[in-house]
Each structure stands twice: as structure tokens, then as C-alpha cells.
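Enquirer: Take a look at structure02.txt, compact mmCIF, C-alpha atoms:
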```
# COMPACT_ATOMS: atom_id res chain seq x y z
CA MET X 12 16.13 5.53 20.97
CA SER X 13 16.23 7.73 17.91
CA PRO X 14 12.92 8.04 15.99
CA ALA X 15 14.92 7.58 12.80
CA THR X 16 16.13 4.14 13.89
CA THR X 17 12.94 2.75 15.41
CA PRO X 18 13.16 -1.06 15.31
CA LEU X 19 10.41 -3.27 13.96
CA GLY X 20 7.61 -3.74 16.50
CA LEU X 21 8.02 -0.35 18.16
CA THR X 22 6.26 2.86 17.20
CA ARG X 23 7.73 6.31 16.67
CA LEU X 24 6.31 7.14 20.06
CA GLY X 25 8.57 4.58 21.69
CA CYS X 26 5.86 2.17 22.83
CA ASP X 27 4.97 -1.28 21.58
CA VAL X 28 2.72 -1.60 18.54
CA GLU X 29 0.31 -3.66 20.65
CA ASP X 30 -0.33 -0.59 22.79
CA ILE X 31 -1.74 1.34 19.81
CA THR X 32 -5.43 1.35 18.88
CA VAL X 33 -6.30 2.49 15.36
CA THR X 34 -9.82 3.77 14.72
CA GLN X 35 -10.85 4.13 11.10
CA GLY X 36 -14.09 4.68 9.26
CA ASP X 37 -15.59 6.59 12.18
CA THR X 38 -17.23 9.73 10.79
CA THR X 39 -17.63 11.19 14.28
CA LEU X 40 -13.85 11.46 14.43
CA THR X 41 -13.00 11.99 10.76
CA PRO X 42 -16.07 13.48 9.06
CA TYR X 43 -14.33 13.69 5.66
CA GLY X 44 -12.08 11.23 3.88
CA GLY X 45 -10.92 11.27 0.29
CA GLY X 46 -10.57 7.52 -0.09
CA THR X 47 -7.58 5.34 -0.89
CA GLN X 48 -7.33 5.81 -4.65
CA GLY X 49 -4.08 6.75 -6.32
CA SER X 50 -1.82 4.47 -4.28
CA ARG X 51 -1.53 7.04 -1.56
CA SER X 52 -2.44 5.32 1.70
CA ALA X 53 1.07 4.47 2.89
CA VAL X 54 2.57 7.71 1.57
CA LEU X 55 -0.07 10.10 2.91
CA TYR X 56 -1.44 8.40 6.00
CA GLY X 57 1.84 6.76 6.89
CA ASN X 58 3.80 9.99 6.86
CA ALA X 59 0.97 11.90 8.56
CA THR X 60 0.97 9.28 11.30
CA ARG X 61 4.74 9.55 11.60
CA ASP X 62 4.60 13.34 11.90
CA VAL X 63 1.80 13.41 14.46
CA SER X 64 3.52 10.65 16.46
CA LEU X 65 6.68 12.72 16.66
CA GLU X 66 4.65 15.73 17.85
CA VAL X 67 3.08 13.63 20.60
CA ARG X 68 6.48 12.17 21.46
CA ALA X 69 7.95 15.65 21.83
CA LYS X 70 5.14 16.71 24.17
CA ILE X 71 5.55 13.55 26.25
CA LEU X 72 9.25 14.31 26.61
CA ARG X 73 8.53 17.91 27.64
CA ILE X 74 6.06 16.85 30.34
CA ALA X 75 8.27 13.99 31.55
CA ALA X 76 11.26 16.33 31.73
CA HIS X 77 9.28 18.69 33.92
CA MET X 78 8.24 15.79 36.16
CA LEU X 79 11.80 14.46 36.43
CA GLU X 80 13.34 17.94 36.74
CA THR X 81 15.67 17.51 33.81
CA SER X 82 16.00 18.52 30.16
CA PRO X 83 14.09 16.73 27.37
CA ASP X 84 17.44 16.25 25.65
CA ASP X 85 18.56 14.06 28.56
CA LEU X 86 15.61 11.69 28.25
CA GLU X 87 15.03 8.53 26.26
CA ILE X 88 11.93 6.44 25.63
CA THR X 89 11.95 2.65 25.79
CA ASP X 90 8.90 0.36 25.83
CA GLY X 91 6.54 3.12 26.98
CA MET X 92 8.86 4.36 29.74
CA VAL X 93 10.58 7.74 29.79
CA SER X 94 13.86 7.66 31.67
CA VAL X 95 16.91 9.83 32.25
CA ARG X 96 19.68 8.67 29.94
CA GLY X 97 22.20 6.71 31.98
CA VAL X 98 19.94 6.71 35.07
CA PRO X 99 17.21 4.18 34.18
CA GLN X 100 15.80 4.14 37.72
CA SER X 101 14.77 7.77 37.26
CA GLN X 102 11.76 7.24 35.04
CA VAL X 103 8.04 7.75 34.50
CA SER X 104 5.61 5.73 32.43
CA PHE X 105 3.41 6.94 29.60
CA ALA X 106 0.46 6.39 31.94
CA GLN X 107 1.97 8.69 34.54
CA VAL X 108 2.67 11.35 31.91
CA ALA X 109 -0.91 11.05 30.63
CA HIS X 110 -2.30 11.39 34.18
CA VAL X 111 -0.42 14.64 34.66
CA ALA X 112 -1.36 15.86 31.16
CA TYR X 113 -5.08 15.33 31.66
CA ALA X 114 -5.67 15.38 35.42
CA GLY X 115 -2.76 17.25 36.90
CA ALA X 116 -2.64 20.57 35.09
CA ALA X 117 -0.84 22.18 38.03
CA ARG X 118 2.13 19.90 37.42
CA LEU X 119 2.48 20.79 33.74
CA PRO X 120 5.20 23.09 32.41
CA PRO X 121 3.86 26.65 32.24
CA ASP X 122 4.07 26.81 28.43
CA ILE X 123 2.24 23.52 27.72
CA GLY X 124 -1.51 23.06 27.68
CA PRO X 125 -3.29 19.98 28.99
CA GLY X 126 -3.45 16.72 27.07
CA VAL X 127 -1.03 15.06 24.68
CA GLU X 128 -3.11 15.22 21.53
CA ALA X 129 -1.78 16.44 18.20
CA VAL X 130 -3.26 17.14 14.77
CA THR X 131 -1.18 17.47 11.63
CA ARG X 132 -1.55 17.60 7.86
CA TYR X 133 0.77 15.99 5.34
CA THR X 134 1.03 16.85 1.65
CA ALA X 135 2.57 14.15 -0.52
CA PRO X 136 5.42 14.96 -2.90
CA PRO X 137 4.63 14.96 -6.66
CA ILE X 138 5.89 11.45 -7.49
CA THR X 139 5.79 8.45 -5.17
CA TRP X 140 4.95 5.69 -7.62
CA VAL X 141 6.21 2.15 -7.50
CA ASN X 142 8.63 0.71 -10.04
CA ALA X 143 7.74 -2.74 -11.37
CA CYS X 144 8.64 -5.28 -14.05
CA HIS X 145 6.20 -7.97 -15.23
CA MET X 146 7.02 -11.24 -16.99
CA CYS X 147 4.28 -13.44 -18.39
CA THR X 148 4.26 -16.80 -20.22
CA VAL X 149 1.13 -18.03 -22.01
CA GLU X 150 0.05 -20.97 -24.12
CA VAL X 151 -2.41 -20.52 -26.99
CA ASP X 152 -4.50 -23.41 -28.31
CA VAL X 153 -4.82 -22.60 -32.01
CA ALA X 154 -7.68 -25.11 -32.39
CA THR X 155 -9.94 -23.51 -29.76
CA GLY X 156 -8.47 -20.02 -29.38
CA GLN X 157 -8.11 -20.61 -25.64
CA VAL X 158 -5.27 -18.76 -23.86
CA GLN X 159 -3.76 -20.19 -20.68
CA VAL X 160 -1.45 -18.15 -18.49
CA LEU X 161 1.32 -20.56 -17.48
CA ARG X 162 3.53 -18.33 -15.34
CA TYR X 163 3.44 -14.78 -14.03
CA VAL X 164 6.33 -13.05 -12.26
CA VAL X 165 6.37 -9.51 -10.86
CA SER X 166 9.43 -7.73 -9.52
CA GLU X 167 8.53 -4.47 -7.81
CA ASP X 168 10.19 -1.78 -5.74
CA CYS X 169 7.65 -0.02 -3.52
CA GLY X 170 10.29 1.58 -1.35
CA ARG X 171 10.31 0.51 2.28
CA MET X 172 7.65 -2.19 2.71
CA VAL X 173 5.34 -1.63 5.65
CA ASN X 174 3.47 -4.92 5.24
CA PRO X 175 4.65 -7.43 2.59
CA LYS X 176 1.29 -9.23 2.60
CA VAL X 177 -0.54 -6.01 1.73
CA VAL X 178 2.02 -5.30 -1.00
CA GLU X 179 1.54 -8.75 -2.53
CA GLY X 180 -2.23 -8.41 -2.26
CA GLN X 181 -2.11 -5.12 -4.14
CA ILE X 182 0.05 -6.65 -6.87
CA ALA X 183 -2.14 -9.75 -7.15
CA GLY X 184 -5.28 -7.64 -7.55
CA GLY X 185 -3.68 -5.56 -10.29
CA VAL X 186 -2.33 -8.59 -12.15
CA VAL X 187 -5.69 -10.36 -12.10
CA GLN X 188 -7.35 -7.16 -13.28
CA GLY X 189 -4.89 -7.02 -16.19
CA ILE X 190 -5.48 -10.67 -17.11
CA GLY X 191 -9.22 -10.08 -17.05
CA GLY X 192 -9.00 -6.92 -19.12
CA VAL X 193 -7.01 -8.64 -21.88
CA LEU X 194 -8.48 -12.15 -21.99
CA PHE X 195 -12.02 -11.97 -20.59
CA GLU X 196 -13.68 -8.63 -19.99
CA SER X 197 -15.51 -6.79 -22.75
CA PHE X 198 -18.59 -4.58 -23.05
CA VAL X 199 -20.75 -5.78 -25.94
CA TYR X 200 -23.71 -3.89 -27.46
CA ASP X 201 -26.24 -4.74 -30.12
CA GLU X 202 -26.76 -2.72 -33.30
CA VAL X 203 -28.97 -0.16 -31.53
CA GLY X 204 -26.73 0.28 -28.49
CA ASN X 205 -28.35 -2.04 -25.98
CA PRO X 206 -25.80 -3.62 -23.61
CA LEU X 207 -25.51 -7.38 -23.99
CA THR X 208 -23.11 -7.90 -21.09
CA GLY X 209 -25.28 -6.70 -18.23
CA SER X 210 -24.39 -9.42 -15.74
CA PHE X 211 -21.43 -11.58 -14.78
CA VAL X 212 -23.00 -14.41 -16.77
CA ASP X 213 -22.08 -12.52 -19.93
CA TYR X 214 -19.37 -10.15 -18.72
CA LEU X 215 -16.64 -12.59 -17.82
CA LEU X 216 -14.18 -12.13 -14.96
CA PRO X 217 -11.16 -14.35 -14.31
CA SER X 218 -11.51 -16.80 -11.46
CA ALA X 219 -8.91 -18.71 -9.46
CA ALA X 220 -9.01 -21.39 -12.17
CA GLU X 221 -7.73 -18.96 -14.82
CA VAL X 222 -5.06 -17.20 -12.74
CA PRO X 223 -1.68 -18.81 -12.06
CA ILE X 224 0.21 -18.56 -8.79
CA ILE X 225 1.83 -15.13 -8.97
CA GLU X 226 5.53 -15.04 -8.16
CA TYR X 227 6.91 -11.95 -6.41
CA GLY X 228 10.38 -10.46 -6.36
CA HIS X 229 10.65 -7.62 -3.84
CA VAL X 230 13.22 -4.85 -4.19
CA ASP X 231 13.43 -2.57 -1.16
CA THR X 232 14.86 0.83 -2.12
CA PRO X 233 13.63 3.53 0.30
CA ALA X 234 12.10 6.48 -1.56
CA GLY X 235 13.97 9.73 -1.14
CA THR X 236 10.81 11.80 -1.46
CA ASN X 237 9.35 11.19 2.01
CA ALA X 238 10.55 10.47 5.51
CA LEU X 239 9.18 6.92 5.63
CA GLY X 240 10.78 5.98 2.32
CA VAL X 241 7.54 4.42 1.03
CA LYS X 242 5.97 4.45 -2.43
CA GLY X 243 2.40 3.76 -3.49
CA VAL X 244 2.26 0.12 -4.62
CA GLY X 245 -1.12 -0.10 -6.39
CA GLU X 246 0.19 0.74 -9.86
CA GLY X 247 2.88 -1.93 -9.51
CA GLY X 248 0.34 -4.61 -10.37
CA ALA X 249 -2.27 -2.79 -12.43
CA VAL X 250 -0.33 -0.72 -14.97
CA ALA X 251 2.04 -3.28 -16.48
CA SER X 252 -0.18 -6.36 -16.41
CA PRO X 253 -2.35 -5.63 -19.51
CA PRO X 254 0.61 -5.05 -21.87
CA ALA X 255 2.49 -7.99 -20.36
CA VAL X 256 -0.40 -10.39 -21.04
CA PHE X 257 -1.17 -8.89 -24.45
CA ASN X 258 2.44 -9.07 -25.60
CA ALA X 259 2.79 -12.64 -24.33
CA VAL X 260 -0.16 -13.71 -26.52
CA ALA X 261 1.20 -11.68 -29.46
CA ASP X 262 4.62 -13.33 -29.11
CA ALA X 263 3.03 -16.79 -28.95
CA LEU X 264 1.16 -16.20 -32.22
CA ALA X 265 3.86 -14.21 -34.02
CA PRO X 266 5.45 -17.31 -35.68
CA LEU X 267 2.11 -17.89 -37.40
CA GLY X 268 2.08 -14.40 -38.85
CA VAL X 269 -0.76 -13.28 -36.59
CA GLN X 270 -0.96 -9.58 -35.76
CA LEU X 271 -3.05 -8.56 -32.76
CA ARG X 272 -4.31 -5.02 -32.60
CA GLY X 273 -6.76 -4.85 -29.71
CA THR X 274 -8.51 -6.51 -26.82
CA PRO X 275 -10.22 -8.60 -25.63
CA LEU X 276 -8.29 -11.67 -26.76
CA GLY X 277 -10.97 -14.24 -26.13
CA PRO X 278 -11.27 -17.47 -28.12
CA ARG X 279 -13.42 -15.82 -30.80
CA GLN X 280 -10.94 -12.99 -31.37
CA ILE X 281 -7.98 -15.39 -31.41
CA LEU X 282 -9.64 -17.65 -33.99
CA ASP X 283 -10.56 -14.62 -36.13
CA ALA X 284 -6.95 -13.40 -36.00
CA LEU X 285 -5.69 -16.87 -36.99
CA ALA X 286 -8.16 -16.99 -39.91
CA ALA X 287 -7.04 -13.55 -41.05
CA ALA X 288 -3.47 -14.86 -41.13
CA GLY X 289 -4.55 -17.83 -43.26
CA HIS X 290 -4.85 -20.51 -40.58
```
Starting from the file, give its structure as C-alpha cells.

Expert:
Amino acid sequence: MSPATTPLGLTRLGCDVEDITVTQGDTTLTPYGGGTQGSRSAVLYGNATRDVSLEVRAKILRIAAHMLETSPDDLEITDGMVSVRGVPQSQVSFAQVAHVAYAGAARLPPDIGPGVEAVTRYTAPPITWVNACHMCTVEVDVATGQVQVLRYVVSEDCGRMVNPKVVEGQIAGGVVQGIGGVLFESFVYDEVGNPLTGSFVDYLLPSAAEVPIIEYGHVDTPAGTNALGVKGVGEGGAVASPPAVFNAVADALAPLGVQLRGTPLGPRQILDALAAAGH
């Protein structure tokens, strides 16, 4: 099985995903971590994982070839078993390879040290951002200044999707952040600079009642900048949502001659803008 054509459910190593244990947040193993900001998790950690998996795979093949007295080029890996291509009965398991690697040093090839561990570093290319288009429909009550988001649609292309649920979660978080930034959130100070929005009683955040069901349209175009073909998806929800919401409100009020020039667009600001336009 070629690493480039690994089917869903199998790892680059050639074993089932269920056989993999991921340890994260353990400072005894990874004493330093830069965080997940900048939409870089899939690009950086995904490609680093791919690269280190291929290094481990290559070492497994070298050890298995020595055990089976053949060339690594004549071997294939399927479901955690290393076998001679065309002779499936001539095979060894990952467990057998690991036993030799860690407990049978005398049976290792002379140019390979014990163990099958690998460490690698991956540097992301300059641009791996998502492409996205946002469409928003709102209704403005000119009597109360209340804005209701009726429909929100996002079409994004984050390259090859690793986990659609994570992608949609990233988009949803960014969209809700944009709705909040335009319609609800605002820092207010008194005349001497004291903050008047020091708690969530005064600093408003959108809740499930103010956010519509977000509709998603996925476009899957593998990125040409990295081997996995992934792009960072975080900006796909966060960057376009504020202008989409703002422009939807502006379009709704444009027939009344209202010109909006800033945020937030809460009821008070909407009513003031209507009054300035003579309504």
C-alpha cells in the first residue's frame, strides 16, 4: 500500500487508526508548545505527524526485511502486518518487529540502532489559509432597532478535510464571534475612563437564541503547499463574518437612506442612525 494512497481509517504507518494512541498536553513528553493560534494545527502537526510516521514506517520495513531476508522494496504493509509482496504467508507483525527492535538487538541490521522511534520538525509554507465566502440575511425592526439574523451560509475550501465536524465547529465559532462583534459586543467607558462593561451582564455576547442554524457548503481542493493538502480553517469563519453581518444590516437600511459607519449595531445605534436619516 502506497503511503500516498492511504485509505480512510488506516494510518501512514499501515496500521488501523484504532491502534494509535495520541498523548497531548503532557509536559513530560513535550515541555514546550506554541499553542494552536493562527490556524496551524492541521498544517503543522498534521504534516509533522505524516513525516514522522513515514520515518517510522521506513525503519519498520528495514527491520522486517532483515527478519524476512528480503529487500524493503519487496515488502508491503497491510493492517499492521509486513509481508513479502506476492507471498502473503511470509510475514511478520508490527509486534514482532517491535520485539526485535527493543529486545532483540542481535537480530537488527548492522546499520540500524534499537527501537523504532523517530523525531522530526516541520516548517509550514508561507500561506496555508482557507478560502471562504459568507452570505447573511438579516431583518431590522425600525421601531425597536433590533436586528435578527435570519439565515447564514458559509462556503469554505479548507483543502483536504481531516474531520468535517472540527471544520464546521471552527466555522461556527468564527461566525458567532463575528455576529457578536457587530451586533452585541462593545467596551463602554465613562467620561473619566472607567469601564462600564466589566461583566457579561453589561458586555453582551450572542447566545443560541440570537444565532441562526449555520449552513455549510464544503469545497475540497487539496492545497498544493503541503503533502497533506490541508489548509488552516480558523479564518474561514472569523475573518468574513463581521463584514458579512455589517453589510447585511447596511443593505437592509439602505432604502431608508441610513448610512452606517461603525459598530456595534445594537438597538441604540440603529435608532440613532434612523433618526439621523430623518426617521

Enquirer: Range 22-29 of chain X: which residues within 6 Å, counting all atoms listed in the file, same-chain residues fewer than 3 positions away excluded, as a list of chain:residue names?

Expert: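 Returned residues: X:Pro14, X:Ser64, X:Arg68, X:Ile88, X:Thr89, X:Asp90, X:Gly91.
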
Enquirer: Quick one: pull the distance between CA of Ala135 in chain X and CA of Leu55 in chain X, Å, one decimal.

Expert: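 Value for the CA of Ala135 in chain X-CA of Leu55 in chain X distance: 5.9 Å.
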
Enquirer: For Arg132 in chain X, which residue out of X:Ala259, X:Val187, X:Met146, X:Val63 is the nearest one, using all atoms listed in the file?

Expert: X:Val63

Enquirer: Let me make sure I understand: among X:Ser50, X:Thr134, X:Gln102, X:Ser218, which one has the smallest atom-to-atom distance to Gly247 in chain X if we use all atoms listed in the file?

Expert: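 Using all atoms listed in the file, the shortest distance to Gly247 in chain X belongs to X:Ser50.
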
Enquirer: Can you measure CA of Tyr113 in chain X to CA of Ala59 in chain X for me? One decimal in Å is fine.

Expert: 24.1 Å

Enquirer: Can you work out the spacing between CA of His290 in chain X and CA of Val160 in chain X in Å, to one decimal?

Expert: 22.5 Å

Enquirer: May I ask which of the residues X:Val130, X:Val54, X:Val158, X:Pro121 is the closest one to Gly235 in chain X, counting only C-alpha atoms?

Expert: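 For Gly235 in chain X, the nearest of the given residues is X:Val54.
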